[in-house]
$ cat run18.cif   # mmCIF, C-alpha atoms, pLDDT in the B column; chains and numbers go by the auth columns
data_protein
loop_
_atom_site.group_PDB
_atom_site.id
_atom_site.type_symbol
_atom_site.label_atom_id
_atom_site.label_comp_id
_atom_site.label_asym_id
_atom_site.label_seq_id
_atom_site.Cartn_x
_atom_site.Cartn_y
_atom_site.Cartn_z
_atom_site.B_iso_or_equiv
_atom_site.auth_seq_id
_atom_site.auth_asym_id
ATOM 1 C CA MET A 1 0.120 9.368 -18.244 47.00 61 A
ATOM 2 C CA LYS A 2 -3.399 8.047 -18.702 46.00 62 A
ATOM 3 C CA SER A 3 -5.783 9.831 -21.012 48.00 63 A
ATOM 4 C CA ARG A 4 -8.164 12.340 -19.476 58.00 64 A
ATOM 5 C CA ASN A 5 -10.931 10.424 -21.274 56.00 65 A
ATOM 6 C CA SER A 6 -10.222 7.154 -19.472 86.00 66 A
ATOM 7 C CA SER A 7 -12.570 5.777 -16.843 94.00 67 A
ATOM 8 C CA GLU A 8 -12.499 6.978 -13.251 96.00 68 A
ATOM 9 C CA THR A 9 -11.351 3.547 -12.050 97.00 69 A
ATOM 10 C CA ALA A 10 -8.461 3.702 -14.535 96.00 70 A
ATOM 11 C CA ARG A 11 -7.499 7.133 -13.175 96.00 71 A
ATOM 12 C CA ILE A 12 -7.605 5.844 -9.582 97.00 72 A
ATOM 13 C CA ALA A 13 -5.500 2.806 -10.551 96.00 73 A
ATOM 14 C CA ASP A 14 -3.029 5.147 -12.258 96.00 74 A
ATOM 15 C CA GLN A 15 -2.701 7.289 -9.123 96.00 75 A
ATOM 16 C CA LEU A 16 -2.241 4.230 -6.901 96.00 76 A
ATOM 17 C CA ASP A 17 0.409 2.857 -9.230 96.00 77 A
ATOM 18 C CA ARG A 18 2.223 6.205 -9.283 96.00 78 A
ATOM 19 C CA ALA A 19 2.187 6.248 -5.466 96.00 79 A
ATOM 20 C CA PHE A 20 3.780 2.789 -5.504 96.00 80 A
ATOM 21 C CA LYS A 21 6.051 2.644 -8.536 95.00 81 A
ATOM 22 C CA GLY A 22 6.892 6.149 -9.648 91.00 82 A
ATOM 23 C CA GLU A 23 6.226 9.154 -11.810 89.00 83 A
ATOM 24 C CA ALA A 24 4.286 10.666 -8.926 85.00 84 A
ATOM 25 C CA TRP A 25 3.944 14.439 -8.863 85.00 85 A
ATOM 26 C CA HIS A 26 5.100 14.743 -5.236 86.00 86 A
ATOM 27 C CA GLY A 27 8.445 12.939 -5.604 88.00 87 A
ATOM 28 C CA PRO A 28 9.704 9.418 -4.916 94.00 88 A
ATOM 29 C CA ALA A 29 7.105 6.657 -4.792 95.00 89 A
ATOM 30 C CA LEU A 30 7.039 3.863 -2.218 97.00 90 A
ATOM 31 C CA LEU A 31 9.098 1.351 -4.215 96.00 91 A
ATOM 32 C CA GLU A 32 11.592 4.052 -5.195 96.00 92 A
ATOM 33 C CA ILE A 33 12.068 4.872 -1.508 96.00 93 A
ATOM 34 C CA LEU A 34 12.548 1.168 -0.710 97.00 94 A
ATOM 35 C CA ALA A 35 14.940 0.477 -3.606 95.00 95 A
ATOM 36 C CA ASP A 36 18.196 0.892 -1.675 94.00 96 A
ATOM 37 C CA VAL A 37 17.409 -0.573 1.733 95.00 97 A
ATOM 38 C CA ASN A 38 18.376 -3.939 3.158 94.00 98 A
ATOM 39 C CA ALA A 39 17.006 -6.170 5.915 95.00 99 A
ATOM 40 C CA ALA A 40 19.164 -4.561 8.616 93.00 100 A
ATOM 41 C CA THR A 41 17.984 -1.067 7.687 94.00 101 A
ATOM 42 C CA VAL A 42 14.298 -1.963 7.522 95.00 102 A
ATOM 43 C CA SER A 43 14.394 -3.935 10.786 94.00 103 A
ATOM 44 C CA ALA A 44 15.728 -1.043 12.858 93.00 104 A
ATOM 45 C CA ARG A 45 13.334 0.598 15.299 91.00 105 A
ATOM 46 C CA HIS A 46 14.412 4.230 15.642 90.00 106 A
ATOM 47 C CA ILE A 47 11.407 5.620 17.504 91.00 107 A
ATOM 48 C CA PRO A 48 10.218 4.133 20.816 89.00 108 A
ATOM 49 C CA ASP A 49 6.829 2.474 20.277 90.00 109 A
ATOM 50 C CA GLY A 50 7.133 3.308 16.568 92.00 110 A
ATOM 51 C CA HIS A 51 7.087 0.891 13.676 95.00 111 A
ATOM 52 C CA SER A 52 10.072 -0.227 11.670 96.00 112 A
ATOM 53 C CA ILE A 53 10.180 0.242 7.910 97.00 113 A
ATOM 54 C CA TRP A 54 9.598 -3.492 7.564 97.00 114 A
ATOM 55 C CA GLU A 55 6.473 -3.362 9.727 97.00 115 A
ATOM 56 C CA LEU A 56 5.153 -0.453 7.672 98.00 116 A
ATOM 57 C CA VAL A 57 5.719 -2.435 4.468 98.00 117 A
ATOM 58 C CA LEU A 58 3.858 -5.418 5.926 97.00 118 A
ATOM 59 C CA HIS A 59 1.051 -3.071 7.010 98.00 119 A
ATOM 60 C CA ILE A 60 0.721 -1.550 3.534 98.00 120 A
ATOM 61 C CA SER A 61 0.692 -5.029 2.010 97.00 121 A
ATOM 62 C CA ALA A 62 -1.983 -6.179 4.482 98.00 122 A
ATOM 63 C CA TRP A 63 -4.199 -3.238 3.563 98.00 123 A
ATOM 64 C CA GLU A 64 -3.728 -3.712 -0.179 97.00 124 A
ATOM 65 C CA GLY A 65 -5.058 -7.246 0.390 97.00 125 A
ATOM 66 C CA ALA A 66 -7.859 -6.065 2.681 98.00 126 A
ATOM 67 C CA ILE A 67 -9.070 -3.512 0.154 98.00 127 A
ATOM 68 C CA LEU A 68 -9.096 -6.195 -2.533 98.00 128 A
ATOM 69 C CA ARG A 69 -11.115 -8.503 -0.270 98.00 129 A
ATOM 70 C CA ARG A 70 -13.595 -5.705 0.435 98.00 130 A
ATOM 71 C CA MET A 71 -13.956 -5.183 -3.332 98.00 131 A
ATOM 72 C CA GLN A 72 -14.797 -8.884 -3.564 97.00 132 A
ATOM 73 C CA GLY A 73 -17.639 -8.422 -1.072 97.00 133 A
ATOM 74 C CA GLU A 74 -16.006 -9.333 2.229 97.00 134 A
ATOM 75 C CA GLU A 75 -16.833 -7.316 5.336 97.00 135 A
ATOM 76 C CA LEU A 76 -13.415 -6.823 6.860 94.00 136 A
ATOM 77 C CA GLN A 77 -11.507 -4.719 9.387 95.00 137 A
ATOM 78 C CA LEU A 78 -7.876 -5.488 10.131 95.00 138 A
ATOM 79 C CA LYS A 79 -6.921 -5.439 13.816 95.00 139 A
ATOM 80 C CA GLY A 80 -3.874 -6.237 15.906 93.00 140 A
ATOM 81 C CA SER A 81 -1.251 -8.333 14.155 93.00 141 A
ATOM 82 C CA ASP A 82 -3.405 -8.483 11.019 94.00 142 A
ATOM 83 C CA ASP A 83 -3.184 -4.689 10.790 95.00 143 A
ATOM 84 C CA PHE A 84 0.518 -4.426 11.668 95.00 144 A
ATOM 85 C CA PRO A 85 2.088 -7.848 11.097 93.00 145 A
ATOM 86 C CA GLN A 86 5.317 -8.491 12.958 88.00 146 A
ATOM 87 C CA THR A 87 8.491 -9.768 11.357 88.00 147 A
ATOM 88 C CA GLN A 88 9.550 -13.226 12.447 85.00 148 A
ATOM 89 C CA ASP A 89 12.660 -13.593 10.330 91.00 149 A
ATOM 90 C CA ALA A 90 15.036 -10.645 9.880 92.00 150 A
ATOM 91 C CA SER A 91 17.017 -12.225 7.036 95.00 151 A
ATOM 92 C CA GLU A 92 17.617 -10.610 3.662 96.00 152 A
ATOM 93 C CA ALA A 93 15.621 -13.427 2.021 97.00 153 A
ATOM 94 C CA ALA A 94 12.627 -12.673 4.260 97.00 154 A
ATOM 95 C CA TRP A 95 12.871 -8.972 3.403 97.00 155 A
ATOM 96 C CA GLN A 96 12.925 -9.771 -0.323 97.00 156 A
ATOM 97 C CA ALA A 97 9.903 -12.040 0.197 97.00 157 A
ATOM 98 C CA ALA A 98 8.082 -9.170 1.950 97.00 158 A
ATOM 99 C CA LEU A 99 8.805 -6.878 -1.017 97.00 159 A
ATOM 100 C CA GLU A 100 7.593 -9.548 -3.439 97.00 160 A
ATOM 101 C CA LYS A 101 4.374 -9.936 -1.457 97.00 161 A
ATOM 102 C CA LEU A 102 3.882 -6.153 -1.443 97.00 162 A
ATOM 103 C CA ASN A 103 4.294 -6.082 -5.229 97.00 163 A
ATOM 104 C CA ARG A 104 1.959 -9.051 -5.691 97.00 164 A
ATOM 105 C CA LYS A 105 -0.790 -7.572 -3.496 97.00 165 A
ATOM 106 C CA HIS A 106 -0.403 -4.217 -5.227 97.00 166 A
ATOM 107 C CA ASN A 107 -0.663 -5.750 -8.697 97.00 167 A
ATOM 108 C CA GLU A 108 -3.712 -7.813 -7.678 98.00 168 A
ATOM 109 C CA LEU A 109 -5.420 -4.693 -6.343 98.00 169 A
ATOM 110 C CA LEU A 110 -4.526 -2.703 -9.469 97.00 170 A
ATOM 111 C CA ALA A 111 -5.988 -5.405 -11.698 97.00 171 A
ATOM 112 C CA ALA A 112 -9.217 -5.427 -9.676 98.00 172 A
ATOM 113 C CA ILE A 113 -9.534 -1.631 -9.755 98.00 173 A
ATOM 114 C CA THR A 114 -8.875 -1.527 -13.491 96.00 174 A
ATOM 115 C CA ALA A 115 -11.511 -4.213 -14.107 96.00 175 A
ATOM 116 C CA MET A 116 -14.073 -2.496 -11.884 97.00 176 A
ATOM 117 C CA PRO A 117 -16.779 -0.571 -13.739 97.00 177 A
ATOM 118 C CA ASP A 118 -17.154 3.056 -12.711 97.00 178 A
ATOM 119 C CA SER A 119 -20.743 2.307 -11.718 97.00 179 A
ATOM 120 C CA ARG A 120 -19.470 0.348 -8.677 97.00 180 A
ATOM 121 C CA LEU A 121 -17.610 3.357 -7.271 98.00 181 A
ATOM 122 C CA ALA A 122 -20.824 4.667 -5.696 98.00 182 A
ATOM 123 C CA GLU A 123 -21.604 1.318 -4.009 98.00 183 A
ATOM 124 C CA GLN A 124 -21.131 1.064 -0.262 98.00 184 A
ATOM 125 C CA VAL A 125 -18.142 -0.927 0.966 98.00 185 A
ATOM 126 C CA PRO A 126 -19.380 -4.011 2.866 97.00 186 A
ATOM 127 C CA GLY A 127 -19.767 -3.155 6.550 96.00 187 A
ATOM 128 C CA LYS A 128 -18.701 0.485 6.110 97.00 188 A
ATOM 129 C CA ASP A 129 -20.480 3.810 5.858 97.00 189 A
ATOM 130 C CA TYR A 130 -18.509 4.896 2.781 98.00 190 A
ATOM 131 C CA ASP A 131 -18.356 3.934 -0.868 98.00 191 A
ATOM 132 C CA PHE A 132 -15.677 2.337 -3.026 98.00 192 A
ATOM 133 C CA TYR A 133 -14.716 5.717 -4.489 98.00 193 A
ATOM 134 C CA PHE A 134 -13.759 6.987 -1.012 98.00 194 A
ATOM 135 C CA MET A 135 -11.959 3.747 -0.091 98.00 195 A
ATOM 136 C CA LEU A 136 -9.904 3.580 -3.283 98.00 196 A
ATOM 137 C CA HIS A 137 -8.787 7.185 -2.995 98.00 197 A
ATOM 138 C CA GLY A 138 -7.958 6.342 0.609 97.00 198 A
ATOM 139 C CA ALA A 139 -5.717 3.510 -0.643 97.00 199 A
ATOM 140 C CA VAL A 140 -3.678 6.059 -2.592 96.00 200 A
ATOM 141 C CA GLN A 141 -3.487 8.344 0.447 96.00 201 A
ATOM 142 C CA HIS A 142 -2.531 5.412 2.691 97.00 202 A
ATOM 143 C CA ALA A 143 0.375 4.394 0.463 96.00 203 A
ATOM 144 C CA LEU A 144 1.682 7.965 0.294 95.00 204 A
ATOM 145 C CA TYR A 145 1.293 8.555 4.035 96.00 205 A
ATOM 146 C CA HIS A 146 3.382 5.525 4.913 97.00 206 A
ATOM 147 C CA ALA A 147 5.873 6.199 2.105 97.00 207 A
ATOM 148 C CA GLY A 148 6.550 9.545 3.790 96.00 208 A
ATOM 149 C CA GLN A 149 7.099 7.825 7.130 96.00 209 A
ATOM 150 C CA ILE A 150 9.473 5.350 5.501 97.00 210 A
ATOM 151 C CA ALA A 151 11.415 8.154 3.802 96.00 211 A
ATOM 152 C CA LEU A 152 11.923 9.807 7.198 95.00 212 A
ATOM 153 C CA LEU A 153 12.920 6.548 8.897 96.00 213 A
ATOM 154 C CA LYS A 154 15.541 5.960 6.193 94.00 214 A
ATOM 155 C CA LYS A 155 17.262 9.163 7.292 91.00 215 A
ATOM 156 C CA PHE A 156 18.257 7.387 10.527 87.00 216 A
ATOM 157 C CA ARG A 157 20.520 5.082 8.516 70.00 217 A
ATOM 158 C CA SER A 158 24.168 5.379 9.364 48.00 218 A
#
$ encode --input "run18.cif" --output "C-alpha coordinates"
Amino acid sequence: MKSRNSSETARIADQLDRAFKGEAWHGPALLEILADVNAATVSARHIPDGHSIWELVLHISAWEGAILRRMQGEELQLKGSDDFPQTQDASEAAWQAALEKLNRKHNELLAAITAMPDSRLAEQVPGKDYDFYFMLHGAVQHALYHAGQIALLKKFRS
(Lines of atoms letter the chains of each structure in order from A and count residues from 1; the text may use other names and numbers.)
(Lines give C-alpha, C1' and ligand atoms only; values in the text may rest on other atoms or scores of the structure.)
Protein backbone atom coordinates (compact mmCIF):
# COMPACT_ATOMS: atom_id res chain seq x y z
CA MET A 1 0.00 0.00 0.00
CA LYS A 2 1.20 3.49 -0.83
CA SER A 3 2.18 5.84 1.95
CA ARG A 4 -0.44 8.29 3.18
CA ASN A 5 2.19 10.99 2.61
CA SER A 6 2.51 10.29 -1.11
CA SER A 7 1.16 12.68 -3.72
CA GLU A 8 -2.49 12.70 -4.74
CA THR A 9 -1.59 11.54 -8.26
CA ALA A 10 0.31 8.60 -6.74
CA ARG A 11 -2.76 7.70 -4.67
CA ILE A 12 -5.01 7.87 -7.75
CA ALA A 13 -2.55 5.72 -9.73
CA ASP A 14 -2.51 3.23 -6.84
CA GLN A 15 -6.32 3.00 -6.83
CA LEU A 16 -6.45 2.55 -10.61
CA ASP A 17 -3.82 -0.16 -10.45
CA ARG A 18 -5.70 -1.94 -7.65
CA ALA A 19 -8.88 -1.82 -9.75
CA PHE A 20 -6.95 -3.45 -12.60
CA LYS A 21 -4.41 -5.79 -11.03
CA GLY A 22 -5.48 -6.62 -7.51
CA GLU A 23 -5.36 -5.97 -3.80
CA ALA A 24 -8.54 -3.95 -4.16
CA TRP A 25 -10.70 -3.56 -1.07
CA HIS A 26 -13.90 -4.63 -2.86
CA GLY A 27 -12.67 -8.00 -4.16
CA PRO A 28 -11.29 -9.29 -7.46
CA ALA A 29 -9.79 -6.72 -9.81
CA LEU A 30 -10.35 -6.62 -13.56
CA LEU A 31 -7.34 -8.75 -14.53
CA GLU A 32 -8.10 -11.24 -11.75
CA ILE A 33 -11.63 -11.63 -13.14
CA LEU A 34 -10.22 -12.13 -16.66
CA ALA A 35 -7.50 -14.59 -15.62
CA ASP A 36 -9.41 -17.80 -16.37
CA VAL A 37 -11.39 -16.95 -19.49
CA ASN A 38 -10.70 -17.92 -23.08
CA ALA A 39 -11.70 -16.52 -26.47
CA ALA A 40 -14.89 -18.60 -26.65
CA THR A 41 -16.05 -17.40 -23.24
CA VAL A 42 -15.33 -13.73 -23.87
CA SER A 43 -16.92 -13.78 -27.34
CA ALA A 44 -20.29 -15.03 -26.11
CA ARG A 45 -23.18 -12.57 -26.11
CA HIS A 46 -25.52 -13.60 -23.30
CA ILE A 47 -27.77 -10.54 -23.18
CA PRO A 48 -29.65 -9.29 -26.26
CA ASP A 49 -28.19 -5.93 -27.32
CA GLY A 50 -25.59 -6.31 -24.55
CA HIS A 51 -21.84 -6.35 -24.94
CA SER A 52 -19.63 -9.40 -24.75
CA ILE A 53 -16.78 -9.58 -22.25
CA TRP A 54 -14.39 -9.05 -25.15
CA GLU A 55 -16.18 -5.87 -26.24
CA LEU A 56 -16.07 -4.57 -22.68
CA VAL A 57 -12.32 -5.23 -22.52
CA LEU A 58 -11.81 -3.37 -25.81
CA HIS A 59 -13.96 -0.51 -24.46
CA ILE A 60 -11.92 -0.24 -21.25
CA SER A 61 -8.71 -0.28 -23.28
CA ALA A 62 -10.05 2.43 -25.61
CA TRP A 63 -10.88 4.66 -22.65
CA GLU A 64 -7.53 4.10 -20.95
CA GLY A 65 -5.99 5.40 -24.19
CA ALA A 66 -8.48 8.27 -24.48
CA ILE A 67 -7.79 9.45 -20.95
CA LEU A 68 -4.06 9.39 -21.67
CA ARG A 69 -4.59 11.43 -24.84
CA ARG A 70 -6.68 13.96 -22.91
CA MET A 71 -3.85 14.24 -20.36
CA GLN A 72 -1.56 15.04 -23.30
CA GLY A 73 -3.81 17.94 -24.30
CA GLU A 74 -6.07 16.37 -26.91
CA GLU A 75 -9.76 17.28 -26.98
CA LEU A 76 -11.38 13.91 -27.44
CA GLN A 77 -14.70 12.08 -27.12
CA LEU A 78 -14.97 8.46 -28.18
CA LYS A 79 -18.07 7.58 -30.21
CA GLY A 80 -19.43 4.57 -32.05
CA SER A 81 -16.87 1.89 -32.82
CA ASP A 82 -14.14 3.97 -31.17
CA ASP A 83 -16.08 3.79 -27.91
CA PHE A 84 -17.04 0.11 -28.19
CA PRO A 85 -14.69 -1.51 -30.71
CA GLN A 86 -15.95 -4.70 -32.30
CA THR A 87 -13.98 -7.93 -32.47
CA GLN A 88 -12.98 -9.00 -35.95
CA ASP A 89 -11.09 -12.16 -35.07
CA ALA A 90 -12.43 -14.51 -32.39
CA SER A 91 -9.24 -16.57 -32.11
CA GLU A 92 -7.36 -17.23 -28.88
CA ALA A 93 -4.38 -15.30 -30.29
CA ALA A 94 -6.58 -12.25 -30.91
CA TRP A 95 -7.95 -12.47 -27.36
CA GLN A 96 -4.42 -12.62 -25.94
CA ALA A 97 -3.51 -9.61 -28.10
CA ALA A 98 -6.52 -7.72 -26.70
CA LEU A 99 -5.37 -8.48 -23.14
CA GLU A 100 -1.84 -7.35 -23.99
CA LYS A 101 -3.18 -4.09 -25.41
CA LEU A 102 -5.30 -3.56 -22.28
CA ASN A 103 -2.22 -4.05 -20.10
CA ARG A 104 -0.11 -1.76 -22.30
CA LYS A 105 -2.69 1.05 -22.29
CA HIS A 106 -3.15 0.66 -18.54
CA ASN A 107 0.59 0.83 -17.87
CA GLU A 108 0.97 3.88 -20.14
CA LEU A 109 -1.84 5.65 -18.30
CA LEU A 110 -0.39 4.71 -14.90
CA ALA A 111 3.01 6.09 -15.88
CA ALA A 112 1.43 9.36 -17.02
CA ILE A 113 -0.63 9.72 -13.84
CA THR A 114 2.39 8.98 -11.66
CA ALA A 115 4.47 11.57 -13.53
CA MET A 116 1.73 14.20 -13.34
CA PRO A 117 2.25 16.88 -10.70
CA ASP A 118 -0.62 17.32 -8.27
CA SER A 119 -0.94 20.92 -9.44
CA ARG A 120 -2.39 19.70 -12.77
CA LEU A 121 -5.28 17.90 -11.07
CA ALA A 122 -7.24 21.16 -10.86
CA GLU A 123 -6.74 21.94 -14.57
CA GLN A 124 -9.71 21.55 -16.89
CA VAL A 125 -9.69 18.57 -19.23
CA PRO A 126 -9.50 19.81 -22.85
CA GLY A 127 -13.02 20.29 -24.20
CA LYS A 128 -14.72 19.25 -20.95
CA ASP A 129 -16.34 21.06 -18.05
CA TYR A 130 -14.45 19.04 -15.43
CA ASP A 131 -10.89 18.79 -14.18
CA PHE A 132 -8.27 16.05 -14.30
CA TYR A 133 -8.98 15.09 -10.69
CA PHE A 134 -12.59 14.23 -11.59
CA MET A 135 -11.58 12.41 -14.79
CA LEU A 136 -8.90 10.29 -13.15
CA HIS A 137 -11.18 9.22 -10.33
CA GLY A 138 -13.71 8.46 -13.05
CA ALA A 139 -11.15 6.16 -14.70
CA VAL A 140 -11.01 4.10 -11.50
CA GLN A 141 -14.81 4.01 -11.31
CA HIS A 142 -15.05 3.07 -15.00
CA ALA A 143 -12.71 0.10 -14.61
CA LEU A 144 -14.60 -1.17 -11.56
CA TYR A 145 -18.02 -0.69 -13.17
CA HIS A 146 -17.10 -2.79 -16.17
CA ALA A 147 -15.21 -5.34 -14.05
CA GLY A 148 -18.50 -5.94 -12.23
CA GLN A 149 -20.31 -6.44 -15.52
CA ILE A 150 -17.63 -8.87 -16.67
CA ALA A 151 -17.85 -10.82 -13.40
CA LEU A 152 -21.60 -11.23 -13.94
CA LEU A 153 -21.20 -12.23 -17.59
CA LYS A 154 -18.70 -14.92 -16.57
CA LYS A 155 -21.44 -16.58 -14.54
CA PHE A 156 -23.15 -17.52 -17.83
CA ARG A 157 -20.25 -19.85 -18.62
CA SER A 158 -21.21 -23.48 -18.86
$ resolve_selection --input "run18.cif" --expression "the PyMOL selection byres ((chain A and resi 87-100) around 7)" --output "PyMOL selection string"
chain A and resi 78-82+84-86+101-104+150-152+155+207+211
$ closest_residue --input "run18.cif" --among "A:Ala158, A:Val185, A:Leu76, A:Ile113" --to "His202 (chain A)" --atoms "only C-alpha atoms"
A:Leu76
$ closest_residue --input "run18.cif" --among "A:Leu213, A:Leu204, A:Ala175, A:Leu169" --to "Arg130 (chain A)" --atoms "all atoms listed in the file"
A:Leu169
$ closest_residue --input "run18.cif" --among "A:Ala126, A:Met176, A:Val117, A:Ile210" --to "Thr147 (chain A)" --atoms "all atoms listed in the file"
A:Val117
$ closest_residue --input "run18.cif" --among "A:Phe216, A:Trp123, A:Trp114, A:Phe194" --to "Asp142 (chain A)" --atoms "all atoms listed in the file"
A:Trp123
$ atom_distance --input "run18.cif" --atom1 "CA of Asp74 (chain A)" --atom2 "CA of His206 (chain A)"
18.3 Å
$ resolve_selection --input "run18.cif" --expression "the PyMOL selection byres ((chain A and resi 122) around 9)" --output "MDAnalysis selection string"
chainID A and resid 117:121 123:127 138 142:145 162 165
$ closest_residue --input "run18.cif" --among "A:His197, A:Arg71, A:Lys139, A:His106" --to "Arg217 (chain A)" --atoms "all atoms listed in the file"
A:His106
$ atom_distance --input "run18.cif" --atom1 "CA of Ala182 (chain A)" --atom2 "CA of Glu168 (chain A)"
21.3 Å
$ atom_distance --input "run18.cif" --atom1 "CA of Ala73 (chain A)" --atom2 "CA of Ala199 (chain A)"
9.9 Å
$ resolve_selection --input "run18.cif" --expression "the PyMOL selection byres ((chain A and resi 184) around 12)" --output "list in words"
Arg130, Met131, Gly133, Glu134, Glu135, Ser179, Arg180, Leu181, Ala182, Glu183, Val185, Pro186, Gly187, Lys188, Asp189, Tyr190, Asp191, Phe192, Tyr193, Phe194, Met195 and Leu196 of chain A
$ write_last_selection --input "run18.cif" --atoms "C-alpha atoms" --output "PDB file, in the coordinates of the input"
ATOM      1  CA  ARG A 130     -13.595  -5.705   0.435  1.00 98.00           C
ATOM      2  CA  MET A 131     -13.956  -5.183  -3.332  1.00 98.00           C
ATOM      3  CA  GLY A 133     -17.639  -8.422  -1.072  1.00 97.00           C
ATOM      4  CA  GLU A 134     -16.006  -9.333   2.229  1.00 97.00           C
ATOM      5  CA  GLU A 135     -16.833  -7.316   5.336  1.00 97.00           C
ATOM      6  CA  SER A 179     -20.743   2.307 -11.718  1.00 97.00           C
ATOM      7  CA  ARG A 180     -19.470   0.348  -8.677  1.00 97.00           C
ATOM      8  CA  LEU A 181     -17.610   3.357  -7.271  1.00 98.00           C
ATOM      9  CA  ALA A 182     -20.824   4.667  -5.696  1.00 98.00           C
ATOM     10  CA  GLU A 183     -21.604   1.318  -4.009  1.00 98.00           C
ATOM     11  CA  VAL A 185     -18.142  -0.927   0.966  1.00 98.00           C
ATOM     12  CA  PRO A 186     -19.380  -4.011   2.866  1.00 97.00           C
ATOM     13  CA  GLY A 187     -19.767  -3.155   6.550  1.00 96.00           C
ATOM     14  CA  LYS A 188     -18.701   0.485   6.110  1.00 97.00           C
ATOM     15  CA  ASP A 189     -20.480   3.810   5.858  1.00 97.00           C
ATOM     16  CA  TYR A 190     -18.509   4.896   2.781  1.00 98.00           C
ATOM     17  CA  ASP A 191     -18.356   3.934  -0.868  1.00 98.00           C
ATOM     18  CA  PHE A 192     -15.677   2.337  -3.026  1.00 98.00           C
ATOM     19  CA  TYR A 193     -14.716   5.717  -4.489  1.00 98.00           C
ATOM     20  CA  PHE A 194     -13.759   6.987  -1.012  1.00 98.00           C
ATOM     21  CA  MET A 195     -11.959   3.747  -0.091  1.00 98.00           C
ATOM     22  CA  LEU A 196      -9.904   3.580  -3.283  1.00 98.00           C
TER      23      LEU A 196
END
$ build_atoms --input "run18.cif" --residues "region 134-153 of chain A" --atoms "N, CA and C atoms" --output "PDB file, in the frame of the given file"
ATOM      1  N   GLU A 134     -16.241  -8.930   0.841  1.00 97.00           N
ATOM      2  CA  GLU A 134     -16.006  -9.333   2.229  1.00 97.00           C
ATOM      3  C   GLU A 134     -16.096  -8.132   3.165  1.00 97.00           C
ATOM      4  N   GLU A 135     -16.789  -8.322   4.280  1.00 97.00           N
ATOM      5  CA  GLU A 135     -16.833  -7.316   5.336  1.00 97.00           C
ATOM      6  C   GLU A 135     -15.607  -7.549   6.203  1.00 97.00           C
ATOM      7  N   LEU A 136     -14.728  -6.572   6.271  1.00 94.00           N
ATOM      8  CA  LEU A 136     -13.415  -6.823   6.860  1.00 94.00           C
ATOM      9  C   LEU A 136     -12.851  -5.576   7.523  1.00 94.00           C
ATOM     10  N   GLN A 137     -12.265  -5.770   8.712  1.00 95.00           N
ATOM     11  CA  GLN A 137     -11.507  -4.719   9.387  1.00 95.00           C
ATOM     12  C   GLN A 137     -10.274  -5.372   9.984  1.00 95.00           C
ATOM     13  N   LEU A 138      -9.104  -4.923   9.590  1.00 95.00           N
ATOM     14  CA  LEU A 138      -7.876  -5.488  10.131  1.00 95.00           C
ATOM     15  C   LEU A 138      -7.631  -4.937  11.531  1.00 95.00           C
ATOM     16  N   LYS A 139      -7.215  -5.826  12.438  1.00 95.00           N
ATOM     17  CA  LYS A 139      -6.921  -5.439  13.816  1.00 95.00           C
ATOM     18  C   LYS A 139      -5.686  -6.170  14.291  1.00 95.00           C
ATOM     19  N   GLY A 140      -5.016  -5.597  15.266  1.00 93.00           N
ATOM     20  CA  GLY A 140      -3.874  -6.237  15.906  1.00 93.00           C
ATOM     21  C   GLY A 140      -2.783  -6.623  14.928  1.00 93.00           C
ATOM     22  N   SER A 141      -2.354  -7.876  15.006  1.00 93.00           N
ATOM     23  CA  SER A 141      -1.251  -8.333  14.155  1.00 93.00           C
ATOM     24  C   SER A 141      -1.668  -8.503  12.701  1.00 93.00           C
ATOM     25  N   ASP A 142      -2.971  -8.487  12.417  1.00 94.00           N
ATOM     26  CA  ASP A 142      -3.405  -8.483  11.019  1.00 94.00           C
ATOM     27  C   ASP A 142      -3.207  -7.093  10.411  1.00 94.00           C
ATOM     28  N   ASP A 143      -3.352  -6.065  11.227  1.00 95.00           N
ATOM     29  CA  ASP A 143      -3.184  -4.689  10.790  1.00 95.00           C
ATOM     30  C   ASP A 143      -1.702  -4.330  10.669  1.00 95.00           C
ATOM     31  N   PHE A 144      -0.921  -4.665  11.667  1.00 95.00           N
ATOM     32  CA  PHE A 144       0.518  -4.426  11.668  1.00 95.00           C
ATOM     33  C   PHE A 144       1.238  -5.744  11.948  1.00 95.00           C
ATOM     34  N   PRO A 145       1.393  -6.567  10.905  1.00 93.00           N
ATOM     35  CA  PRO A 145       2.088  -7.848  11.097  1.00 93.00           C
ATOM     36  C   PRO A 145       3.520  -7.634  11.604  1.00 93.00           C
ATOM     37  N   GLN A 146       3.960  -8.549  12.420  1.00 88.00           N
ATOM     38  CA  GLN A 146       5.317  -8.491  12.958  1.00 88.00           C
ATOM     39  C   GLN A 146       6.251  -9.360  12.121  1.00 88.00           C
ATOM     40  N   THR A 147       7.500  -8.972  12.081  1.00 88.00           N
ATOM     41  CA  THR A 147       8.491  -9.768  11.357  1.00 88.00           C
ATOM     42  C   THR A 147       8.963 -10.898  12.267  1.00 88.00           C
ATOM     43  N   GLN A 148       9.077 -12.063  11.695  1.00 85.00           N
ATOM     44  CA  GLN A 148       9.550 -13.226  12.447  1.00 85.00           C
ATOM     45  C   GLN A 148      10.980 -13.591  12.080  1.00 85.00           C
ATOM     46  N   ASP A 149      11.370 -13.224  10.883  1.00 91.00           N
ATOM     47  CA  ASP A 149      12.660 -13.593  10.330  1.00 91.00           C
ATOM     48  C   ASP A 149      13.275 -12.323   9.769  1.00 91.00           C
ATOM     49  N   ALA A 150      14.409 -11.903  10.296  1.00 92.00           N
ATOM     50  CA  ALA A 150      15.036 -10.645   9.880  1.00 92.00           C
ATOM     51  C   ALA A 150      16.094 -10.848   8.789  1.00 92.00           C
ATOM     52  N   SER A 151      16.013 -11.948   8.078  1.00 95.00           N
ATOM     53  CA  SER A 151      17.017 -12.225   7.036  1.00 95.00           C
ATOM     54  C   SER A 151      16.740 -11.411   5.772  1.00 95.00           C
ATOM     55  N   GLU A 152      17.762 -11.307   4.941  1.00 96.00           N
ATOM     56  CA  GLU A 152      17.617 -10.610   3.662  1.00 96.00           C
ATOM     57  C   GLU A 152      16.598 -11.326   2.775  1.00 96.00           C
ATOM     58  N   ALA A 153      16.585 -12.660   2.825  1.00 97.00           N
ATOM     59  CA  ALA A 153      15.621 -13.427   2.021  1.00 97.00           C
ATOM     60  C   ALA A 153      14.185 -13.123   2.460  1.00 97.00           C
TER      61      ALA A 153
END
